[in-house]
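Asks: File input38.cif follows (mmCIF, C-alpha atoms and all ligand atoms):
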```cif
data_structure
loop_
_atom_site.label_atom_id
_atom_site.label_comp_id
_atom_site.auth_asym_id
_atom_site.auth_seq_id
_atom_site.Cartn_x
_atom_site.Cartn_y
_atom_site.Cartn_z
CA MET A 1 13.32 -2.06 -9.89
CA LYS A 2 9.71 -0.99 -10.23
CA LEU A 3 8.36 1.80 -8.04
CA ILE A 4 4.83 1.47 -6.67
CA THR A 5 3.49 4.42 -4.70
CA CYS A 6 0.53 4.90 -2.41
CA CYS A 7 -0.64 8.45 -2.75
CA SER A 8 -3.47 10.49 -1.29
CA PHE A 9 -3.85 14.06 -0.11
CA LYS A 10 -5.81 12.82 2.84
CA GLY A 11 -4.33 11.41 6.04
CA GLY A 12 -6.03 8.22 7.20
CA ALA A 13 -6.93 7.11 3.67
CA GLY A 14 -5.23 3.76 4.24
CA LYS A 15 -1.96 4.43 2.34
CA THR A 16 0.44 2.92 4.84
CA THR A 17 -1.81 -0.07 5.53
CA ALA A 18 -2.19 -0.82 1.81
CA LEU A 19 1.57 -0.61 1.39
CA MET A 20 2.29 -2.90 4.36
CA ALA A 21 -0.19 -5.48 3.04
CA LEU A 22 1.22 -5.28 -0.46
CA CYS A 23 4.75 -5.64 0.91
CA SER A 24 3.68 -8.83 2.72
CA ALA A 25 2.08 -10.17 -0.45
CA LEU A 26 5.16 -9.50 -2.58
CA THR A 27 7.70 -10.85 -0.09
CA ALA A 28 5.50 -13.94 0.51
CA ASN A 29 5.88 -14.43 -3.23
CA GLU A 30 9.68 -14.27 -2.85
CA LYS A 31 10.06 -10.78 -4.29
CA THR A 32 12.49 -8.38 -2.69
CA VAL A 33 11.04 -5.06 -1.56
CA ALA A 34 12.60 -1.73 -0.62
CA LEU A 35 10.21 0.39 1.44
CA LEU A 36 10.82 4.09 0.86
CA GLU A 37 9.46 6.00 3.82
CA ALA A 38 8.58 9.56 2.77
CA ASP A 39 6.61 10.29 5.94
CA VAL A 40 8.32 12.01 8.89
CA ASN A 41 6.10 10.03 11.28
CA ARG A 42 7.99 6.92 10.16
CA PRO A 43 5.16 4.38 10.39
CA LEU A 44 7.14 1.84 8.34
CA HIS A 45 10.21 2.05 10.58
CA ASN A 46 7.86 1.41 13.53
CA TRP A 47 6.28 -1.46 11.66
CA MET A 48 9.68 -3.04 11.09
CA LYS A 49 10.66 -2.56 14.74
CA ASN A 50 7.47 -4.28 15.98
CA ALA A 51 7.76 -7.04 13.41
CA VAL A 52 11.41 -7.76 14.26
CA GLU A 53 10.42 -8.00 17.95
CA ASN A 54 7.65 -10.47 17.05
CA GLY A 55 9.80 -12.48 14.64
CA THR A 56 7.45 -11.54 11.79
CA TRP A 57 9.78 -9.48 9.60
CA ASP A 58 10.60 -10.86 6.16
CA GLN A 59 14.28 -10.37 5.39
CA ARG A 60 13.46 -9.86 1.72
CA CYS A 61 12.35 -6.38 2.75
CA SER A 62 14.34 -3.33 3.92
CA VAL A 63 13.09 0.08 5.03
CA PHE A 64 14.83 3.24 3.78
CA ALA A 65 14.34 6.73 5.19
CA ALA A 66 13.14 9.02 2.38
CA GLU A 67 11.52 11.93 4.18
CA ASP A 68 13.32 14.62 2.19
CA LEU A 69 14.66 14.87 -1.36
CA PRO A 70 18.34 14.07 -0.66
CA LEU A 71 17.33 11.05 1.47
CA LEU A 72 14.90 9.88 -1.21
CA GLU A 73 17.56 10.11 -3.89
CA THR A 74 20.11 8.19 -1.81
CA ALA A 75 17.52 5.59 -0.78
CA TYR A 76 16.37 5.05 -4.36
CA GLU A 77 19.92 4.69 -5.71
CA ASP A 78 20.91 2.40 -2.87
CA ALA A 79 17.84 0.18 -3.37
CA GLU A 80 18.35 0.05 -7.11
CA SER A 81 22.03 -0.85 -6.84
CA ARG A 82 21.14 -3.63 -4.39
CA GLY A 83 18.83 -5.11 -7.03
CA PHE A 84 15.46 -4.99 -5.24
CA ASP A 85 12.55 -6.18 -7.40
CA TYR A 86 10.24 -3.47 -6.11
CA ALA A 87 10.38 -0.20 -4.26
CA LEU A 88 7.18 0.76 -2.46
CA ALA A 89 6.89 4.43 -1.51
CA ASP A 90 4.66 5.58 1.33
CA THR A 91 3.91 9.26 0.95
CA HIS A 92 2.66 11.75 3.52
CA GLY A 93 -0.65 13.55 2.96
CA GLY A 94 -0.81 16.75 0.88
CA SER A 95 1.25 17.93 -2.07
CA SER A 96 4.95 18.72 -1.82
CA GLU A 97 8.07 18.68 -3.94
CA LEU A 98 8.96 15.36 -2.34
CA ASN A 99 5.60 13.83 -3.29
CA ASN A 100 5.85 15.29 -6.81
CA THR A 101 9.26 13.68 -7.29
CA ILE A 102 7.95 10.33 -6.08
CA ILE A 103 4.87 10.54 -8.32
CA ALA A 104 6.99 11.44 -11.34
CA SER A 105 9.32 8.47 -10.72
CA SER A 106 6.57 5.88 -10.12
CA ASP A 107 5.62 2.99 -12.38
CA PHE A 108 2.31 2.42 -10.61
CA LEU A 109 0.32 4.85 -8.47
CA LEU A 110 -2.35 3.61 -6.12
CA VAL A 111 -4.84 6.06 -4.69
CA PRO A 112 -6.48 4.40 -1.68
CA THR A 113 -9.83 5.74 -0.56
CA MET A 114 -12.57 4.91 1.87
CA LEU A 115 -16.16 5.20 0.71
CA THR A 116 -17.23 8.42 2.45
CA PRO A 117 -18.10 11.57 0.45
CA LEU A 118 -15.12 13.44 1.95
CA ASP A 119 -12.69 10.62 1.17
CA ILE A 120 -14.00 10.28 -2.37
CA ASP A 121 -13.57 14.04 -2.95
CA GLU A 122 -9.97 13.81 -1.78
CA ALA A 123 -9.32 10.73 -3.90
CA LEU A 124 -10.66 12.49 -6.99
CA SER A 125 -8.49 15.56 -6.28
CA THR A 126 -5.46 13.33 -5.79
CA TYR A 127 -6.17 11.42 -8.99
CA ARG A 128 -6.56 14.64 -10.97
CA TYR A 129 -3.37 16.06 -9.43
CA ILE A 130 -1.42 12.93 -10.42
CA VAL A 131 -2.73 12.94 -13.98
CA GLU A 132 -2.00 16.67 -14.43
CA LEU A 133 1.51 16.23 -13.09
CA LEU A 134 2.21 13.25 -15.36
CA VAL A 135 0.82 15.07 -18.41
CA ALA A 136 2.81 18.23 -17.63
CA GLU A 137 6.01 16.17 -17.39
CA ASN A 138 5.11 14.03 -20.40
CA LEU A 139 5.32 10.87 -18.30
CA HIS A 140 3.33 7.68 -18.18
CA ALA A 141 2.50 5.71 -15.05
CA HIS A 142 -0.38 3.38 -14.29
CA THR A 143 -2.75 5.05 -11.87
CA ALA A 144 -5.69 3.38 -10.14
CA ILE A 145 -8.04 3.85 -7.24
CA LEU A 146 -7.94 1.27 -4.47
CA GLN A 147 -11.12 1.09 -2.41
CA GLN A 148 -9.96 0.78 1.18
CA ARG A 149 -11.71 -0.39 4.37
CA VAL A 150 -14.74 -1.62 2.46
CA PRO A 151 -17.16 -3.23 4.93
CA VAL A 152 -17.16 -7.01 4.73
CA SER A 153 -20.91 -7.05 5.27
CA ARG A 154 -23.34 -5.24 3.00
CA ILE A 155 -22.39 -1.64 2.09
CA THR A 156 -24.75 1.25 2.84
CA THR A 157 -26.60 3.30 0.24
CA SER A 158 -24.23 6.22 0.72
CA GLN A 159 -21.20 3.93 0.32
CA ARG A 160 -22.77 2.54 -2.87
CA ALA A 161 -23.25 6.12 -4.16
CA ALA A 162 -19.62 6.92 -3.28
CA SER A 163 -18.46 3.82 -5.13
CA ASP A 164 -20.56 4.80 -8.18
CA THR A 165 -18.93 8.25 -8.26
CA ILE A 166 -15.51 6.72 -8.88
CA SER A 167 -16.68 3.88 -11.11
CA VAL A 168 -15.46 5.69 -14.25
CA LEU A 169 -11.87 5.70 -12.99
CA PRO A 170 -9.51 2.73 -13.28
CA GLN A 171 -9.65 0.74 -10.09
CA PHE A 172 -8.76 -2.68 -8.71
CA THR A 173 -11.48 -5.29 -8.92
CA VAL A 174 -10.66 -6.62 -5.46
CA PRO A 175 -10.82 -3.86 -2.85
CA MET A 176 -9.19 -3.96 0.56
CA TYR A 177 -11.86 -4.91 3.07
CA ASP A 178 -12.01 -3.65 6.60
CA ARG A 179 -10.28 -6.51 8.41
CA ASP A 180 -8.59 -6.99 11.76
CA ALA A 181 -5.78 -8.75 9.91
CA PHE A 182 -4.99 -5.47 8.10
CA ALA A 183 -5.57 -3.19 11.10
CA SER A 184 -3.26 -5.24 13.34
CA MET A 185 -0.34 -5.47 10.88
CA LYS A 186 1.36 -2.35 12.25
CA ARG A 187 1.60 -4.07 15.64
CA ARG A 188 2.01 -7.69 14.57
CA GLY A 189 4.19 -7.47 11.47
CA MET A 190 4.04 -9.10 8.06
CA LEU A 191 0.73 -10.81 7.30
CA HIS A 192 2.13 -14.09 6.02
CA LEU A 193 4.63 -14.53 8.86
CA THR A 194 2.05 -13.63 11.53
CA HIS A 195 -0.19 -16.22 9.92
CA SER A 196 2.55 -18.89 9.94
CA GLY A 197 2.97 -18.36 13.68
CA MET A 198 -0.77 -18.86 14.25
CA LYS A 199 -1.32 -22.03 12.33
CA SER A 200 -0.05 -24.35 15.05
CA ASN A 201 -2.21 -22.72 17.77
CA PRO A 202 -5.77 -24.17 17.83
CA ALA A 203 -7.06 -21.15 19.80
CA MET A 204 -6.10 -18.91 16.88
CA ARG A 205 -7.95 -20.90 14.26
CA MET A 206 -10.64 -18.29 13.56
CA THR A 207 -8.09 -15.48 13.44
CA ALA A 208 -5.91 -17.55 11.11
CA ARG A 209 -8.89 -17.92 8.77
CA ASN A 210 -9.32 -14.14 8.73
CA TYR A 211 -5.63 -13.83 7.83
CA GLU A 212 -5.93 -16.36 5.02
CA THR A 213 -8.79 -14.40 3.47
CA ALA A 214 -6.86 -11.13 3.85
CA MET A 215 -3.74 -12.67 2.28
CA ASP A 216 -5.76 -14.07 -0.58
CA GLU A 217 -7.28 -10.64 -1.34
CA ILE A 218 -4.05 -8.71 -1.16
CA GLY A 219 -2.28 -11.52 -3.04
CA LYS A 220 -4.54 -10.79 -6.00
CA LEU A 221 -3.52 -7.14 -5.93
CA GLY A 222 0.16 -8.16 -5.76
CA ALA A 223 -0.25 -10.60 -8.65
CA PHE A 224 -2.05 -7.98 -10.73
CA LEU A 225 0.72 -5.42 -10.14
CA ALA A 226 3.45 -7.97 -10.90
CA GLU A 227 1.71 -8.92 -14.11
CA THR A 228 1.17 -5.30 -15.15
CA LEU A 229 4.75 -4.36 -14.37
CA GLU A 230 6.05 -7.63 -15.81
CA ILE A 231 8.22 -8.89 -12.98
N1 LIG B 1 -8.23 -2.47 5.24
C1 LIG B 1 -8.22 -2.04 6.51
N2 LIG B 1 -8.85 -2.73 7.49
C2 LIG B 1 -8.88 -2.28 8.76
N3 LIG B 1 -8.28 -1.15 9.17
C3 LIG B 1 -7.62 -0.41 8.26
C4 LIG B 1 -7.54 -0.81 6.90
N4 LIG B 1 -6.83 0.12 6.22
C5 LIG B 1 -6.47 1.06 7.12
N5 LIG B 1 -6.93 0.75 8.35
C6 LIG B 1 -6.76 1.55 9.58
O1 LIG B 1 -7.09 2.90 9.27
C7 LIG B 1 -6.20 3.80 9.92
C8 LIG B 1 -5.55 4.73 8.89
O2 LIG B 1 -4.80 3.95 7.98
P1 LIG B 1 -3.35 4.37 7.46
O3 LIG B 1 -2.92 3.26 6.57
O4 LIG B 1 -2.45 4.74 8.59
O5 LIG B 1 -3.70 5.67 6.60
P2 LIG B 1 -2.71 6.74 5.93
O6 LIG B 1 -1.38 6.11 5.79
O7 LIG B 1 -3.35 7.06 4.62
O8 LIG B 1 -2.70 7.93 6.85
C9 LIG B 1 -5.18 2.93 10.67
O9 LIG B 1 -5.56 2.85 12.02
C10 LIG B 1 -5.30 1.57 10.00
O10 LIG B 1 -5.01 0.50 10.90
MG MG B 2 0.47 6.81 6.39
#
```
Turn the structure described in the file into structure tokens.
Ligand SMILES: Nc1ncnc2c1ncn2[C@@H]1O[C@H](COP(=O)(O)OP(=O)(O)O)[C@@H](O)[C@H]1O
Ligand SMILES: [Mg+2]
Replies:
Amino acid sequence: MKLITCCSFKGGAGKTTALMALCSALTANEKTVALLEADVNRPLHNWMKNAVENGTWDQRCSVFAAEDLPLLETAYEDAESRGFDYALADTHGGSSELNNTIIASSDFLLVPTMLTPLDIDEALSTYRYIVELLVAENLHAHTAILQQRVPVSRITTSQRAASDTISVLPQFTVPMYDRDAFASMKRRGMLHLTHSGMKSNPAMRMTARNYETAMDEIGKLGAFLAETLEI
């Protein structure tokens, strides 16, 4: 089981959304996914509840409570013994012993960030924190920035400058764009299953197109991670 973690000191950076999208991409590709929820607000449990109600929950995925160290340990062991391909950990903002443990156990760390000066500052601090922790523990994990909520239309000069600031760090070539398909996942459920339900409805044709583009983009991120982690 490979552990992929979304990590950022900042709330609202797009961690949970990136994780939900990635989970959809991996399960659509027939991988099994354990979601480790290390956030007391339990956004992933809510996501599952809404998705189950809408019939858009993929049974290849299970959510595990991991909001403190004993729960995390139990969840991880349980998921591993059940043979999940991936565990995806959603962390809460800030640094904590729980987050440190998750970072130190991860195979791939994603640092999502929006392109505002404040977000970029927080992403850089998070990146540095991760690298220092890994070096101190003599560990190796892939770490990369994921640009999040990038405008679909042309980006502004200040967003370009923000993007340039982080251009020296490893990052994914395909960012996550600001899309309704991503924003509405928490209410609607898994991307691919929401999309399947739309295809037969002519009134939803435009929305379905938006979903296809979103799935294509996040599918590339999923494929890249799978290739890097060799699953
Ligand atoms: N790619 C995206 N497109 C549109 N909305 C997004 C996207 N990523 C995040 N959001 C929205 O931004 C807000 C914060 O995202 P969230 O994933 O909850 O951040 P975090 O988990 O880091 O606190 C949410 O309302 C979410 O729907
Ligand atoms: Mg979150």
Asks: Dump the neighbourhood of ligand LIG 1 (chain B) as a ChimeraX atom specification: all residues within 8 Å, distances computed on all atoms listed in the file.
Replies: /A:7-8,10-19,43,90-93,112,148-150,176-186
Asks: Please measure the separation of CA of Cys6 in chain A and CA of Thr194 in chain A, giving the value in Å to one decimal.
Replies: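 Taking CA of Cys6 in chain A and CA of Thr194 in chain A, their separation equals 23.2 Å.
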Asks: Counting all atoms listed in the file, figure out which residue out of A:Thr156, A:Thr116, A:Asn210, A:Thr5 gets nearest to ligand MG 2 (chain B).
Replies: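 Once distances to ligand MG 2 (chain B) are computed over all atoms listed in the file, the minimum belongs to A:Thr5.
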Asks: In terms of the shortest atom-to-atom distance over only C-alpha atoms and all ligand atoms, which of A:Asn41, A:Thr113, A:Thr74, A:Ser167 is closest to ligand MG 2 (chain B)?
Replies: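 Looking at the shortest contact to ligand MG 2 (chain B), the residue is A:Asn41.
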Asks: Which value, in Å to one decimal, gives the distance between CA of Ile218 in chain A and CA of Ser163 in chain A?
Replies: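 For CA of Ile218 in chain A relative to CA of Ser163 in chain A, the distance reads 19.5 Å.
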Asks: Using all atoms listed in the file, which residues of range 24-99 of chain A come within 12 Å of range 123-133 of chain A, and what is the closest atom pair for each, with the distance in Å to one decimal? Give it as JSON lines, sorted by chain and residue number.
Replies:
```
{"residue": "A:Gly93", "atom": "CA", "partner": "A:Thr126", "partner_atom": "CA", "distance": 10.0}
{"residue": "A:Gly94", "atom": "CA", "partner": "A:Thr126", "partner_atom": "CA", "distance": 8.8}
{"residue": "A:Ser95", "atom": "CA", "partner": "A:Tyr129", "partner_atom": "CA", "distance": 8.9}
{"residue": "A:Ser96", "atom": "CA", "partner": "A:Tyr129", "partner_atom": "CA", "distance": 11.6}
{"residue": "A:Glu97", "atom": "CA", "partner": "A:Leu133", "partner_atom": "CA", "distance": 11.5}
{"residue": "A:Asn99", "atom": "CA", "partner": "A:Ile130", "partner_atom": "CA", "distance": 10.0}
```
Asks: Report the distance between CA of Asp164 in chain A and CA of Ala144 in chain A in Å, rounded to one decimal place.
Replies: 15.1 Å
Asks: Mind checking which residues fall within 9 Å of Ala162 in chain A, counting only C-alpha atoms, ignoring those fewer than 6 positions away in the same chain, and posting them as a VMD selection string?
Replies: chain A and resid 114 to 117 120
